[in-house]
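Participant: Just so it is clear, I am handing over work_32.tsv, which has TSV, C-alpha atoms and all ligand atoms.
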```
chain	number	residue	atom	x	y	z
A	1	MET	CA	97.18	61.71	-108.21
A	2	ALA	CA	96.95	61.42	-104.44
A	3	ASN	CA	94.14	63.95	-104.64
A	4	ILE	CA	92.29	61.77	-107.14
A	5	GLN	CA	92.44	58.81	-104.77
A	6	GLU	CA	91.16	60.93	-101.88
A	7	ILE	CA	88.27	62.25	-103.93
A	8	LYS	CA	87.39	58.73	-105.00
A	9	SER	CA	87.26	57.44	-101.41
A	10	ALA	CA	85.31	60.48	-100.24
A	11	PHE	CA	82.79	60.02	-103.06
A	12	GLU	CA	82.34	56.33	-102.25
A	13	LYS	CA	81.87	57.03	-98.58
A	14	GLU	CA	79.25	59.67	-99.26
A	15	LEU	CA	77.54	57.51	-101.88
A	16	SER	CA	77.12	54.74	-99.35
A	17	THR	CA	75.23	57.08	-97.02
A	18	CYS	CA	72.81	58.35	-99.71
A	19	GLN	CA	69.29	57.17	-99.11
A	20	THR	CA	67.18	59.20	-101.48
A	21	LEU	CA	67.25	60.19	-105.13
A	22	ALA	CA	67.54	63.81	-104.02
A	23	GLN	CA	70.69	63.01	-102.03
A	24	LEU	CA	72.13	61.26	-105.07
A	25	GLN	CA	71.41	64.33	-107.15
A	26	ASP	CA	73.18	66.54	-104.58
A	27	LEU	CA	76.15	64.19	-104.62
A	28	LYS	CA	76.29	64.37	-108.38
A	29	VAL	CA	76.31	68.17	-108.30
A	30	LYS	CA	78.94	68.18	-105.55
A	31	TYR	CA	81.40	66.07	-107.55
A	32	MET	CA	80.45	66.56	-111.16
A	33	GLY	CA	78.63	69.89	-111.29
A	34	LYS	CA	80.07	73.13	-112.75
A	35	SER	CA	81.99	73.93	-109.59
A	36	GLY	CA	82.18	70.33	-108.41
A	37	GLU	CA	85.27	68.49	-107.13
A	38	LEU	CA	86.16	66.83	-110.44
A	39	THR	CA	85.67	70.03	-112.37
A	40	SER	CA	88.04	71.91	-110.01
A	41	LEU	CA	90.57	69.08	-110.42
A	42	LEU	CA	90.42	69.55	-114.19
A	43	LYS	CA	90.76	73.28	-113.74
A	44	GLY	CA	94.02	72.68	-111.81
A	45	ILE	CA	95.48	70.76	-114.75
A	46	LYS	CA	97.12	73.90	-116.07
A	47	ASP	CA	99.40	74.03	-113.01
A	48	LEU	CA	100.89	70.60	-113.82
A	49	PRO	CA	104.00	69.97	-115.88
A	50	ALA	CA	103.02	69.47	-119.53
A	51	GLU	CA	104.03	65.77	-119.66
A	52	GLU	CA	101.80	64.88	-116.70
A	53	ARG	CA	98.71	66.58	-118.07
A	54	PRO	CA	97.43	63.81	-120.47
A	55	THR	CA	97.69	61.07	-117.81
A	56	PHE	CA	96.03	63.30	-115.22
A	57	GLY	CA	93.25	64.31	-117.61
A	58	ALA	CA	92.64	60.67	-118.50
A	59	LYS	CA	92.49	59.71	-114.81
A	60	VAL	CA	89.99	62.43	-114.02
A	61	ASN	CA	87.80	61.34	-116.97
A	62	GLU	CA	88.03	57.76	-115.84
A	63	LEU	CA	86.91	58.84	-112.40
A	64	ARG	CA	84.00	60.78	-113.88
A	65	ASN	CA	82.88	57.63	-115.72
A	66	ILE	CA	83.14	55.54	-112.58
A	67	PHE	CA	81.14	58.11	-110.57
A	68	GLU	CA	78.48	58.30	-113.25
A	69	GLU	CA	78.18	54.54	-113.41
A	70	LYS	CA	77.92	54.23	-109.63
A	71	LEU	CA	75.35	57.02	-109.38
A	72	ASN	CA	73.26	55.48	-112.17
A	73	TYR	CA	73.46	52.07	-110.62
A	74	LYS	CA	72.40	53.28	-107.20
A	75	SER	CA	69.62	55.49	-108.55
A	76	ALA	CA	68.23	52.57	-110.63
A	77	ALA	CA	68.28	50.36	-107.53
A	78	MET	CA	66.51	53.08	-105.53
A	79	LYS	CA	63.84	53.52	-108.21
A	80	ALA	CA	63.23	49.78	-108.35
A	81	ALA	CA	62.93	49.60	-104.55
A	82	GLU	CA	60.55	52.55	-104.57
A	83	LEU	CA	58.39	50.92	-107.24
A	84	GLN	CA	58.28	47.68	-105.28
A	85	ARG	CA	57.30	49.58	-102.14
A	86	ARG	CA	54.43	51.29	-103.98
A	87	ILE	CA	53.26	48.02	-105.52
A	88	ASN	CA	53.15	46.42	-102.09
A	89	GLU	CA	51.50	49.39	-100.48
A	90	GLU	CA	48.99	50.29	-103.17
A	91	LYS	CA	47.96	46.83	-104.36
A	92	VAL	CA	44.23	46.20	-104.33
A	93	ASP	CA	43.26	43.36	-102.07
A	94	ILE	CA	40.48	41.84	-104.10
A	95	SER	CA	39.67	39.35	-101.38
A	96	LEU	CA	38.18	42.22	-99.40
A	97	CYS	CA	35.84	43.31	-102.19
A	98	GLU	CA	32.11	42.81	-101.77
A	99	MET	CA	31.56	40.42	-104.66
A	100	GLN	CA	28.41	40.88	-106.68
A	101	PRO	CA	26.34	37.77	-105.84
A	102	TRP	CA	25.74	35.31	-108.66
A	103	GLY	CA	22.16	35.12	-109.81
A	104	ALA	CA	20.32	31.91	-110.52
A	105	LEU	CA	17.39	31.05	-112.73
A	106	HIS	CA	14.16	30.65	-110.79
A	107	PRO	CA	13.00	27.02	-110.47
A	108	VAL	CA	9.85	27.87	-112.45
A	109	THR	CA	11.99	29.33	-115.23
A	110	LEU	CA	14.22	26.23	-115.15
A	111	ALA	CA	11.21	23.93	-115.47
A	112	LYS	CA	9.60	26.12	-118.14
A	113	ASN	CA	12.81	26.24	-120.21
A	114	GLU	CA	13.26	22.49	-119.97
A	115	ILE	CA	9.67	21.72	-121.02
A	116	CYS	CA	9.73	24.27	-123.85
A	117	SER	CA	13.07	22.92	-125.17
A	118	LEU	CA	11.62	19.41	-125.30
A	119	LEU	CA	8.56	20.66	-127.18
A	120	ILE	CA	10.64	22.80	-129.53
A	121	SER	CA	12.67	19.68	-130.35
A	122	MET	CA	9.38	18.06	-131.44
A	123	GLY	CA	8.55	20.95	-133.76
A	124	PHE	CA	6.30	23.08	-131.53
A	125	GLU	CA	6.52	26.86	-131.79
A	126	VAL	CA	6.51	28.87	-128.55
A	127	LEU	CA	4.03	31.75	-128.29
A	128	GLU	CA	3.04	34.11	-125.54
A	129	GLY	CA	-0.42	35.54	-124.98
A	130	PRO	CA	-1.79	38.44	-122.93
A	131	GLU	CA	-2.31	38.00	-119.19
A	132	ILE	CA	-5.15	40.54	-119.32
A	133	GLU	CA	-7.60	38.62	-121.44
A	134	THR	CA	-11.14	38.90	-122.67
A	135	ASP	CA	-13.89	36.70	-121.31
A	136	TYR	CA	-14.38	35.54	-124.89
A	137	TYR	CA	-10.92	33.99	-125.37
A	138	ASN	CA	-10.54	32.78	-121.81
A	139	PHE	CA	-14.00	31.12	-121.61
A	140	GLN	CA	-16.54	31.48	-124.38
A	141	SER	CA	-14.37	30.49	-127.35
A	142	LEU	CA	-13.33	27.43	-125.34
A	143	ASN	CA	-16.91	26.29	-125.04
A	144	ILE	CA	-17.44	27.77	-121.57
A	145	PRO	CA	-20.42	30.12	-121.89
A	146	TYR	CA	-21.41	32.61	-119.16
A	147	ASP	CA	-23.58	30.21	-117.21
A	148	HIS	CA	-21.30	27.16	-117.47
A	149	PRO	CA	-20.52	25.47	-114.10
A	150	ALA	CA	-16.85	24.98	-115.16
A	151	ARG	CA	-16.41	28.71	-114.48
A	152	ASP	CA	-16.75	28.02	-110.74
A	153	MET	CA	-13.37	26.28	-110.62
A	154	GLN	CA	-11.73	29.18	-112.38
A	155	ASP	CA	-12.96	32.23	-110.53
A	156	THR	CA	-10.56	35.04	-111.24
A	157	PHE	CA	-9.95	38.80	-111.01
A	158	TYR	CA	-12.28	40.86	-113.18
A	159	LEU	CA	-10.92	44.18	-114.38
A	160	ALA	CA	-13.83	45.54	-116.39
A	161	ASP	CA	-16.86	44.23	-118.19
A	162	GLY	CA	-15.65	41.25	-120.23
A	163	ILE	CA	-11.97	41.79	-119.25
A	164	LEU	CA	-10.21	39.58	-116.73
A	165	LEU	CA	-6.86	38.14	-115.67
A	166	ARG	CA	-6.65	34.92	-117.67
A	167	THR	CA	-7.26	31.74	-115.70
A	168	GLN	CA	-5.63	29.43	-118.21
A	169	THR	CA	-3.10	29.62	-121.03
A	170	SER	CA	-5.73	27.69	-123.03
A	171	ALA	CA	-6.98	31.18	-123.97
A	172	MET	CA	-4.10	31.28	-126.43
A	173	GLN	CA	-5.54	28.27	-128.33
A	174	SER	CA	-8.36	30.30	-129.85
A	175	ARG	CA	-6.26	33.39	-130.44
A	176	HIS	CA	-3.78	31.30	-132.40
A	177	MET	CA	-6.30	29.19	-134.32
A	178	GLU	CA	-8.08	32.32	-135.51
A	179	VAL	CA	-4.95	33.52	-137.29
A	180	LYS	CA	-3.04	30.35	-138.13
A	181	LYS	CA	-4.57	27.53	-140.07
A	182	PRO	CA	-3.54	23.87	-139.62
A	183	PRO	CA	-1.13	22.22	-139.33
A	184	ILE	CA	-0.64	23.85	-135.91
A	185	LYS	CA	1.86	22.84	-133.24
A	186	MET	CA	2.18	25.47	-130.57
A	187	VAL	CA	2.97	25.89	-126.89
A	188	CYS	CA	2.17	28.87	-124.76
A	189	PRO	CA	3.92	29.28	-121.39
A	190	GLY	CA	2.86	32.05	-119.03
A	191	LYS	CA	1.25	33.33	-115.85
A	192	VAL	CA	-2.38	32.64	-115.03
A	193	TYR	CA	-4.57	33.89	-112.18
A	194	ARG	CA	-7.30	32.52	-109.95
A	195	SER	CA	-8.80	33.58	-106.64
A	196	ASP	CA	-7.20	30.69	-104.75
A	197	SER	CA	-4.60	30.66	-102.00
A	198	ASP	CA	-3.18	27.88	-99.80
A	199	ALA	CA	-0.09	25.63	-99.61
A	200	SER	CA	-0.76	24.17	-103.04
A	201	HIS	CA	-2.67	27.03	-104.70
A	202	SER	CA	-1.45	30.52	-105.44
A	203	PRO	CA	-3.48	33.41	-106.89
A	204	VAL	CA	-0.85	33.59	-109.62
A	205	PHE	CA	0.80	30.53	-111.06
A	206	HIS	CA	2.27	29.29	-114.33
A	207	GLN	CA	0.98	27.02	-117.04
A	208	ILE	CA	2.15	25.67	-120.37
A	209	GLU	CA	-0.50	25.09	-122.95
A	210	GLY	CA	0.10	22.73	-125.86
A	211	LEU	CA	-2.00	22.52	-129.02
A	212	VAL	CA	-1.73	20.36	-132.12
A	213	VAL	CA	-4.26	20.61	-134.94
A	214	ASP	CA	-3.84	18.59	-138.11
A	215	LYS	CA	-5.48	15.75	-140.02
A	216	ASN	CA	-5.87	12.37	-138.29
A	217	VAL	CA	-4.44	13.32	-134.91
A	218	THR	CA	-5.07	10.67	-132.25
A	219	LEU	CA	-5.03	10.28	-128.48
A	220	CYS	CA	-1.94	8.08	-129.04
A	221	ASP	CA	-0.09	11.08	-130.48
A	222	LEU	CA	-0.94	12.98	-127.30
A	223	LYS	CA	0.24	10.12	-125.12
A	224	GLY	CA	3.49	9.72	-127.07
A	225	THR	CA	4.24	13.43	-126.72
A	226	LEU	CA	3.54	13.41	-122.99
A	227	GLU	CA	5.59	10.24	-122.48
A	228	TYR	CA	8.53	11.89	-124.22
A	229	ILE	CA	8.29	14.95	-121.99
A	230	ALA	CA	7.78	12.90	-118.80
A	231	SER	CA	10.73	10.60	-119.47
A	232	HIS	CA	13.05	13.57	-120.03
A	233	LEU	CA	11.78	15.53	-117.04
A	234	PHE	CA	11.58	12.72	-114.49
A	235	GLY	CA	13.59	9.78	-115.85
A	236	LYS	CA	13.12	7.23	-118.61
A	237	ASP	CA	11.14	4.75	-116.51
A	238	THR	CA	8.37	7.28	-115.84
A	239	LYS	CA	4.99	5.98	-116.98
A	240	VAL	CA	2.04	8.09	-118.15
A	241	ARG	CA	-1.54	7.20	-117.20
A	242	PHE	CA	-4.73	8.68	-118.65
A	243	ARG	CA	-7.89	8.92	-116.51
A	244	PRO	CA	-11.23	9.98	-117.96
A	245	SER	CA	-12.10	13.55	-117.05
A	246	PHE	CA	-14.04	16.54	-118.33
A	247	PHE	CA	-13.06	19.86	-119.83
A	248	PRO	CA	-15.54	21.80	-121.95
A	249	PHE	CA	-12.88	22.38	-124.62
A	250	THR	CA	-11.80	18.74	-125.12
A	251	GLU	CA	-13.71	15.61	-125.98
A	252	PRO	CA	-12.70	13.10	-124.75
A	253	SER	CA	-10.84	14.72	-121.84
A	254	VAL	CA	-8.24	13.12	-119.61
A	255	GLU	CA	-6.36	13.81	-116.42
A	256	VAL	CA	-2.78	12.74	-116.85
A	257	ASP	CA	-0.82	11.06	-114.06
A	258	LEU	CA	2.88	10.15	-113.97
A	259	THR	CA	4.45	7.43	-111.86
A	260	CYS	CA	5.78	9.11	-108.75
A	261	CYS	CA	9.38	10.23	-109.33
A	262	ASN	CA	10.07	9.94	-105.60
A	263	CYS	CA	9.14	6.28	-105.04
A	264	GLY	CA	8.98	5.02	-108.63
A	265	GLY	CA	5.35	3.99	-108.17
A	266	LYS	CA	5.57	2.06	-104.89
A	267	GLY	CA	3.71	4.68	-102.89
A	268	CYS	CA	5.14	7.42	-100.64
A	269	SER	CA	4.12	10.66	-98.96
A	270	LEU	CA	4.63	12.70	-102.15
A	271	CYS	CA	2.09	10.60	-104.10
A	272	LYS	CA	-0.04	10.02	-100.98
A	273	GLY	CA	0.54	6.27	-101.24
A	274	THR	CA	-0.95	5.93	-104.75
A	275	GLY	CA	2.29	5.70	-106.75
A	276	TRP	CA	0.91	8.28	-109.20
A	277	ILE	CA	1.08	12.06	-109.40
A	278	GLU	CA	-1.45	14.12	-111.31
A	279	VAL	CA	0.32	16.67	-113.48
A	280	LEU	CA	-1.94	17.90	-116.23
A	281	GLY	CA	-5.21	18.00	-118.06
A	282	ALA	CA	-5.54	17.14	-121.72
A	283	GLY	CA	-7.78	15.76	-124.42
A	284	MET	CA	-8.84	15.88	-128.04
A	285	VAL	CA	-9.83	19.40	-129.03
A	286	ASN	CA	-13.62	19.72	-128.92
A	287	PRO	CA	-14.90	20.21	-132.52
A	288	LYS	CA	-16.91	23.18	-131.25
A	289	VAL	CA	-13.66	24.98	-130.34
A	290	LEU	CA	-12.26	24.34	-133.83
A	291	GLU	CA	-15.45	25.65	-135.42
A	292	ASN	CA	-15.43	28.73	-133.14
A	293	CYS	CA	-12.06	29.56	-134.65
A	294	GLY	CA	-13.08	28.89	-138.25
A	295	ILE	CA	-11.41	25.50	-138.64
A	296	ASP	CA	-13.40	22.78	-140.41
A	297	SER	CA	-13.79	20.03	-137.82
A	298	SER	CA	-14.78	17.46	-140.43
A	299	GLU	CA	-11.33	17.81	-141.96
A	300	TYR	CA	-9.13	18.61	-138.95
A	301	ASN	CA	-8.87	17.48	-135.38
A	302	GLY	CA	-6.28	17.89	-132.66
A	303	TYR	CA	-5.14	17.41	-129.12
A	304	ALA	CA	-4.41	19.91	-126.38
A	305	PHE	CA	-2.86	19.80	-122.96
A	306	GLY	CA	-2.26	22.20	-120.12
A	307	MET	CA	0.22	21.67	-117.32
A	308	GLY	CA	1.10	23.63	-114.21
A	309	ILE	CA	4.77	24.57	-114.37
A	310	ASP	CA	4.90	25.34	-110.64
A	311	ARG	CA	3.62	21.88	-109.86
A	312	ILE	CA	6.21	20.27	-112.15
A	313	ALA	CA	8.96	22.38	-110.52
A	314	MET	CA	7.69	21.43	-107.04
A	315	ILE	CA	7.78	17.73	-107.87
A	316	LYS	CA	11.11	17.92	-109.68
A	317	TYR	CA	12.94	19.95	-107.03
A	318	GLY	CA	11.07	18.70	-103.93
A	319	ILE	CA	9.49	22.08	-103.08
A	320	PRO	CA	6.89	21.45	-100.35
A	321	ASP	CA	4.86	24.68	-100.50
A	322	ILE	CA	3.93	26.69	-103.61
A	323	ARG	CA	4.26	29.95	-101.66
A	324	LEU	CA	8.06	29.46	-101.58
A	325	ILE	CA	8.01	29.95	-105.34
A	326	PHE	CA	6.62	33.46	-105.05
A	327	GLU	CA	8.25	34.76	-101.86
A	328	ASN	CA	11.63	35.55	-103.46
A	329	ASP	CA	13.49	34.43	-100.35
A	330	GLN	CA	17.16	34.37	-101.41
A	331	ARG	CA	17.91	31.40	-99.15
A	332	PHE	CA	15.47	29.42	-101.26
A	333	LEU	CA	16.39	30.86	-104.65
A	334	LYS	CA	20.15	30.56	-104.36
A	335	GLN	CA	19.90	26.78	-104.10
A	336	PHE	CA	19.13	26.76	-107.81
A	337	GLY	CA	22.42	28.50	-108.78
A	338	LYS	CA	25.10	26.47	-110.45
B	401	LIG	N1	-6.75	24.78	-118.89
B	401	LIG	C1	-6.94	23.65	-118.03
B	401	LIG	C2	-6.85	24.10	-116.58
B	401	LIG	O1	-6.33	25.17	-116.35
B	401	LIG	C3	-5.92	22.60	-118.31
B	401	LIG	C4	-6.18	21.94	-119.63
B	401	LIG	C5	-6.95	20.81	-119.68
B	401	LIG	C6	-5.68	22.47	-120.79
B	401	LIG	C7	-7.19	20.20	-120.89
B	401	LIG	C8	-5.95	21.88	-122.01
B	401	LIG	C9	-6.70	20.72	-122.01
B	401	LIG	O2	-5.50	22.31	-123.16
B	401	LIG	O3	-6.94	20.14	-123.20
B	401	LIG	O4	-7.25	23.41	-115.73
```
Taking this structure as input, can you express it in the form of structure tokens?
Ligand code: DAH

Facilitator:
Amino acid sequence: MANIQEIKSAFEKELSTCQTLAQLQDLKVKYMGKSGELTSLLKGIKDLPAEERPTFGAKVNELRNIFEEKLNYKSAAMKAAELQRRINEEKVDISLCEMQPWGALHPVTLAKNEICSLLISMGFEVLEGPEIETDYYNFQSLNIPYDHPARDMQDTFYLADGILLRTQTSAMQSRHMEVKKPPIKMVCPGKVYRSDSDASHSPVFHQIEGLVVDKNVTLCDLKGTLEYIASHLFGKDTKVRFRPSFFPFTEPSVEVDLTCCNCGGKGCSLCKGTGWIEVLGAGMVNPKVLENCGIDSSEYNGYAFGMGIDRIAMIKYGIPDIRLIFENDQRFLKQFGK
């Protein structure tokens, strides 16, 4: 029995110095293995008087259970500490990661989406046309023959005989009217090209063309549509003004001005003191254009408008130079992110 007590104290002393799982395993073998301390104790049982054997055997078994429990307890604690150490050491510090920068929609896309959504809500369908266009659709079908002076304002890039980079999304009017018969309500956003370049003109820019052809369409319908768009884009107090103008494909033709969204019409540097900002051209579709596309102009009429999306974006977001729109400078673009 005295031996049992000694073994117990020796085991506990050694256990307290164990620092690794391997040392625990060695300890286990030393005390509980085939030729371990407890096993030799049990082997010695035969030398005891018969009446002492059961108590001794029970004591040794009790000790075995205690040792096992202590070893398990310590090894579980060691495993938990080891796991914690690895978690601390191996954890990924996400704050050091190079985050993928968030993208943002380009201001021209923002303006285009907003204008198209407004028109879609009024029943317009959105179409896209080719940027490489024929002289016929870009000019002739729109009542601009070869020798027409209106071509001067829309000099462009010619690719081959009769093929050019379109100067106006109006080209899509004729393409659409040739295949779709009235009632027509369409818009065509897209890039257009002209040989122009300064702070307010770029050789490539964006337009949205609108076309309505039906019976009994009036200039008032055009004005109502534009007022709806203007009030949503620039605020409900925005007023729309028509000024007489000329486009070969509309008769009558108008330039459309909006009250300046910067000063509300009082006059400022944005509107050059006039209180008005010119944003688009429009008019009633010239009967010749309808006839060119096989639509009976004695039965149908319509209105059309064409606006520069870049210009709208510049006014809306206070962009002072059109070149910023095309330079792809991230310092500029990221201001439009949410
Ligand atoms: N296409 C014209 C331009 O680029 C703008 C325009 C004016 C479009 C009158 C139209 C319109 O549809 O009716 O200057």

Participant: Between atom C1 of ligand LIG 401 (chain B) and atom CA of A:Gly265, measure the distance and give it in Å to one decimal.

Facilitator: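 Atom CA of A:Gly265 lies 25.2 Å from atom C1 of ligand LIG 401 (chain B).
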
Participant: Set the distance at 10 Å and use all atoms listed in the file: which residues neighbour A:Val256 once local chain neighbours fewer than 5 positions away are removed? I'd like the list as a PyMOL selection string.

Facilitator: chain A and resi 223+226+240-245+276-283+305+307

Participant: Using only C-alpha atoms, which of A:Val289, A:Cys188, A:Leu38, A:Leu24 sits nearest A:Ser174?

Facilitator: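 Ranked by minimum distance to A:Ser174, first place goes to A:Val289.
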
Participant: Listing only residues of chain A within 7 Å of ligand LIG 401 (chain B), what is the closest atom pair and its distance in Å (to one decimal) for each, using all atoms listed in the file, sorted by chain and residue number ascending, as JSON lines?

Facilitator:
```
{"residue": "A:Thr167", "atom": "CA", "partner": "B:LIG401", "partner_atom": "O1", "distance": 6.7}
{"residue": "A:Gln168", "atom": "CA", "partner": "B:LIG401", "partner_atom": "O1", "distance": 4.7}
{"residue": "A:Thr169", "atom": "CA", "partner": "B:LIG401", "partner_atom": "N1", "distance": 6.4}
{"residue": "A:Ser170", "atom": "CA", "partner": "B:LIG401", "partner_atom": "N1", "distance": 5.2}
{"residue": "A:Glu209", "atom": "CA", "partner": "B:LIG401", "partner_atom": "O2", "distance": 5.7}
{"residue": "A:Gly210", "atom": "CA", "partner": "B:LIG401", "partner_atom": "O2", "distance": 6.2}
{"residue": "A:Leu211", "atom": "CA", "partner": "B:LIG401", "partner_atom": "O2", "distance": 6.8}
{"residue": "A:Phe247", "atom": "CA", "partner": "B:LIG401", "partner_atom": "C7", "distance": 6.0}
{"residue": "A:Phe249", "atom": "CA", "partner": "B:LIG401", "partner_atom": "O3", "distance": 6.5}
{"residue": "A:Thr250", "atom": "CA", "partner": "B:LIG401", "partner_atom": "O3", "distance": 5.4}
{"residue": "A:Ser253", "atom": "CA", "partner": "B:LIG401", "partner_atom": "C7", "distance": 6.7}
{"residue": "A:Leu280", "atom": "CA", "partner": "B:LIG401", "partner_atom": "C3", "distance": 6.5}
{"residue": "A:Gly281", "atom": "CA", "partner": "B:LIG401", "partner_atom": "C5", "distance": 3.7}
{"residue": "A:Ala282", "atom": "CA", "partner": "B:LIG401", "partner_atom": "C7", "distance": 3.6}
{"residue": "A:Gly283", "atom": "CA", "partner": "B:LIG401", "partner_atom": "O3", "distance": 4.6}
{"residue": "A:Met284", "atom": "CA", "partner": "B:LIG401", "partner_atom": "O3", "distance": 6.7}
{"residue": "A:Val285", "atom": "CA", "partner": "B:LIG401", "partner_atom": "O3", "distance": 6.5}
{"residue": "A:Tyr303", "atom": "CA", "partner": "B:LIG401", "partner_atom": "O3", "distance": 6.8}
{"residue": "A:Ala304", "atom": "CA", "partner": "B:LIG401", "partner_atom": "O3", "distance": 4.1}
{"residue": "A:Phe305", "atom": "CA", "partner": "B:LIG401", "partner_atom": "O2", "distance": 3.6}
{"residue": "A:Gly306", "atom": "CA", "partner": "B:LIG401", "partner_atom": "C6", "distance": 3.5}
{"residue": "A:Met307", "atom": "CA", "partner": "B:LIG401", "partner_atom": "C3", "distance": 6.3}
```

Participant: Any chance you can output those residues with C-alpha atoms as a short mmCIF file (atom, residue, chain, number, x, y, z; two decimals), in the coordinates of the input?

Facilitator:
```cif
data_model
loop_
_atom_site.label_atom_id
_atom_site.label_comp_id
_atom_site.auth_asym_id
_atom_site.auth_seq_id
_atom_site.Cartn_x
_atom_site.Cartn_y
_atom_site.Cartn_z
CA THR A 167 -7.26 31.74 -115.70
CA GLN A 168 -5.63 29.43 -118.21
CA THR A 169 -3.10 29.62 -121.03
CA SER A 170 -5.73 27.69 -123.03
CA GLU A 209 -0.50 25.09 -122.95
CA GLY A 210 0.10 22.73 -125.86
CA LEU A 211 -2.00 22.52 -129.02
CA PHE A 247 -13.06 19.86 -119.83
CA PHE A 249 -12.88 22.38 -124.62
CA THR A 250 -11.80 18.74 -125.12
CA SER A 253 -10.84 14.72 -121.84
CA LEU A 280 -1.94 17.90 -116.23
CA GLY A 281 -5.21 18.00 -118.06
CA ALA A 282 -5.54 17.14 -121.72
CA GLY A 283 -7.78 15.76 -124.42
CA MET A 284 -8.84 15.88 -128.04
CA VAL A 285 -9.83 19.40 -129.03
CA TYR A 303 -5.14 17.41 -129.12
CA ALA A 304 -4.41 19.91 -126.38
CA PHE A 305 -2.86 19.80 -122.96
CA GLY A 306 -2.26 22.20 -120.12
CA MET A 307 0.22 21.67 -117.32
#
```

Participant: Interatomic distance between atom CA of A:Phe67 and atom CA of A:Glu37?

Facilitator: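 Rounded to one decimal, the two atoms are 11.7 Å apart.
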
Participant: Atom CA of A:Thr134 to atom CA of A:Ile163: how many Å, to one decimal?

Facilitator: 4.6 Å

Participant: Can you tell me which residues surround A:Pro189 at a distance of at most 7 Å, considering all atoms listed in the file, apart from same-chain residues fewer than 6 positions away, and format the answer as a ChimeraX atom specification?

Facilitator: /A:128,207-209

Participant: Would you save the residues from that selection as a PDB file, in the frame of the given file, using C-alpha atoms?

Facilitator:
```pdb
ATOM      1  CA  GLU A 128       3.040  34.110-125.540  1.00  0.00           C
ATOM      2  CA  GLN A 207       0.980  27.020-117.040  1.00  0.00           C
ATOM      3  CA  ILE A 208       2.150  25.670-120.370  1.00  0.00           C
ATOM      4  CA  GLU A 209      -0.500  25.090-122.950  1.00  0.00           C
TER       5      GLU A 209
END
```

Participant: Set up a box along x, y and z of the file covering all listed atoms of stretch 149-159 of chain A, add 6 Å on every one of the six sides, and write the centre and edge lengths in Å to one decimal, as AutoDock Vina command-line options.

Facilitator:
```
--center_x -15.2 --center_y 34.6 --center_z -112.8 --size_x 22.6 --size_y 31.2 --size_z 16.6
```

Participant: Counting all atoms listed in the file, find residues at most 10 Å from (-15.6, 25.6, -131.1) (file frame) and give them as a PyMOL selection string.

Facilitator: chain A and resi 140-144+174+248-250+285-297

Participant: Print the selection's residues with C-alpha atoms to a file, as a PDB file, in the coordinates of the input.

Facilitator:
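again-v6.pdb, freshly written:
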```pdb
ATOM      1  CA  GLN A 140     -16.540  31.480-124.380  1.00  0.00           C
ATOM      2  CA  SER A 141     -14.370  30.490-127.350  1.00  0.00           C
ATOM      3  CA  LEU A 142     -13.330  27.430-125.340  1.00  0.00           C
ATOM      4  CA  ASN A 143     -16.910  26.290-125.040  1.00  0.00           C
ATOM      5  CA  ILE A 144     -17.440  27.770-121.570  1.00  0.00           C
ATOM      6  CA  SER A 174      -8.360  30.300-129.850  1.00  0.00           C
ATOM      7  CA  PRO A 248     -15.540  21.800-121.950  1.00  0.00           C
ATOM      8  CA  PHE A 249     -12.880  22.380-124.620  1.00  0.00           C
ATOM      9  CA  THR A 250     -11.800  18.740-125.120  1.00  0.00           C
ATOM     10  CA  VAL A 285      -9.830  19.400-129.030  1.00  0.00           C
ATOM     11  CA  ASN A 286     -13.620  19.720-128.920  1.00  0.00           C
ATOM     12  CA  PRO A 287     -14.900  20.210-132.520  1.00  0.00           C
ATOM     13  CA  LYS A 288     -16.910  23.180-131.250  1.00  0.00           C
ATOM     14  CA  VAL A 289     -13.660  24.980-130.340  1.00  0.00           C
ATOM     15  CA  LEU A 290     -12.260  24.340-133.830  1.00  0.00           C
ATOM     16  CA  GLU A 291     -15.450  25.650-135.420  1.00  0.00           C
ATOM     17  CA  ASN A 292     -15.430  28.730-133.140  1.00  0.00           C
ATOM     18  CA  CYS A 293     -12.060  29.560-134.650  1.00  0.00           C
ATOM     19  CA  GLY A 294     -13.080  28.890-138.250  1.00  0.00           C
ATOM     20  CA  ILE A 295     -11.410  25.500-138.640  1.00  0.00           C
ATOM     21  CA  ASP A 296     -13.400  22.780-140.410  1.00  0.00           C
ATOM     22  CA  SER A 297     -13.790  20.030-137.820  1.00  0.00           C
TER      23      SER A 297
END
```

Participant: When distances are computed from all atoms listed in the file, which of A:Ala22, A:Ile312, A:Leu41, A:Cys220 shows the smallest separation from A:Asn61?

Facilitator: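 Ranking A:Ala22, A:Ile312, A:Leu41, A:Cys220 by distance to A:Asn61, first place goes to A:Leu41.
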
Participant: With only C-alpha atoms as the basis for distance, which of A:Gly190, A:Gly129, A:Gly302, A:Gly224 is at the shortest distance from A:His176?

Facilitator: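 Smallest separation from A:His176 among the options: A:Gly129.
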
Participant: Return the single residue from A:Pro183, A:Pro252, A:Gly308, A:Gly275 that is closest to A:Lys112, with distances computed using only C-alpha atoms.

Facilitator: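 Looking at the shortest contact to A:Lys112, the residue is A:Gly308.
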
Participant: Return as a tab-separated table the residues of stretch 62-120 of chain A lying at most 12 Å from stretch 325-332 of chain A, together with the closest atom-to-atom pair for each and the distance in Å to one decimal, counting all atoms listed in the file, with rows in chain order and ascending residue number.

Facilitator:
```
residue	atom	partner	partner_atom	distance
A:Pro101	CA	A:Gln330	CA	10.7
A:Trp102	CA	A:Gln330	CA	11.3
A:Gly103	CA	A:Gln330	CA	9.8
A:Ala104	CA	A:Gln330	CA	10.0
A:Leu105	CA	A:Phe332	CA	11.7
A:His106	CA	A:Ile325	CA	8.2
A:Pro107	CA	A:Ile325	CA	7.7
A:Val108	CA	A:Ile325	CA	7.6
A:Thr109	CA	A:Ile325	CA	10.7
```
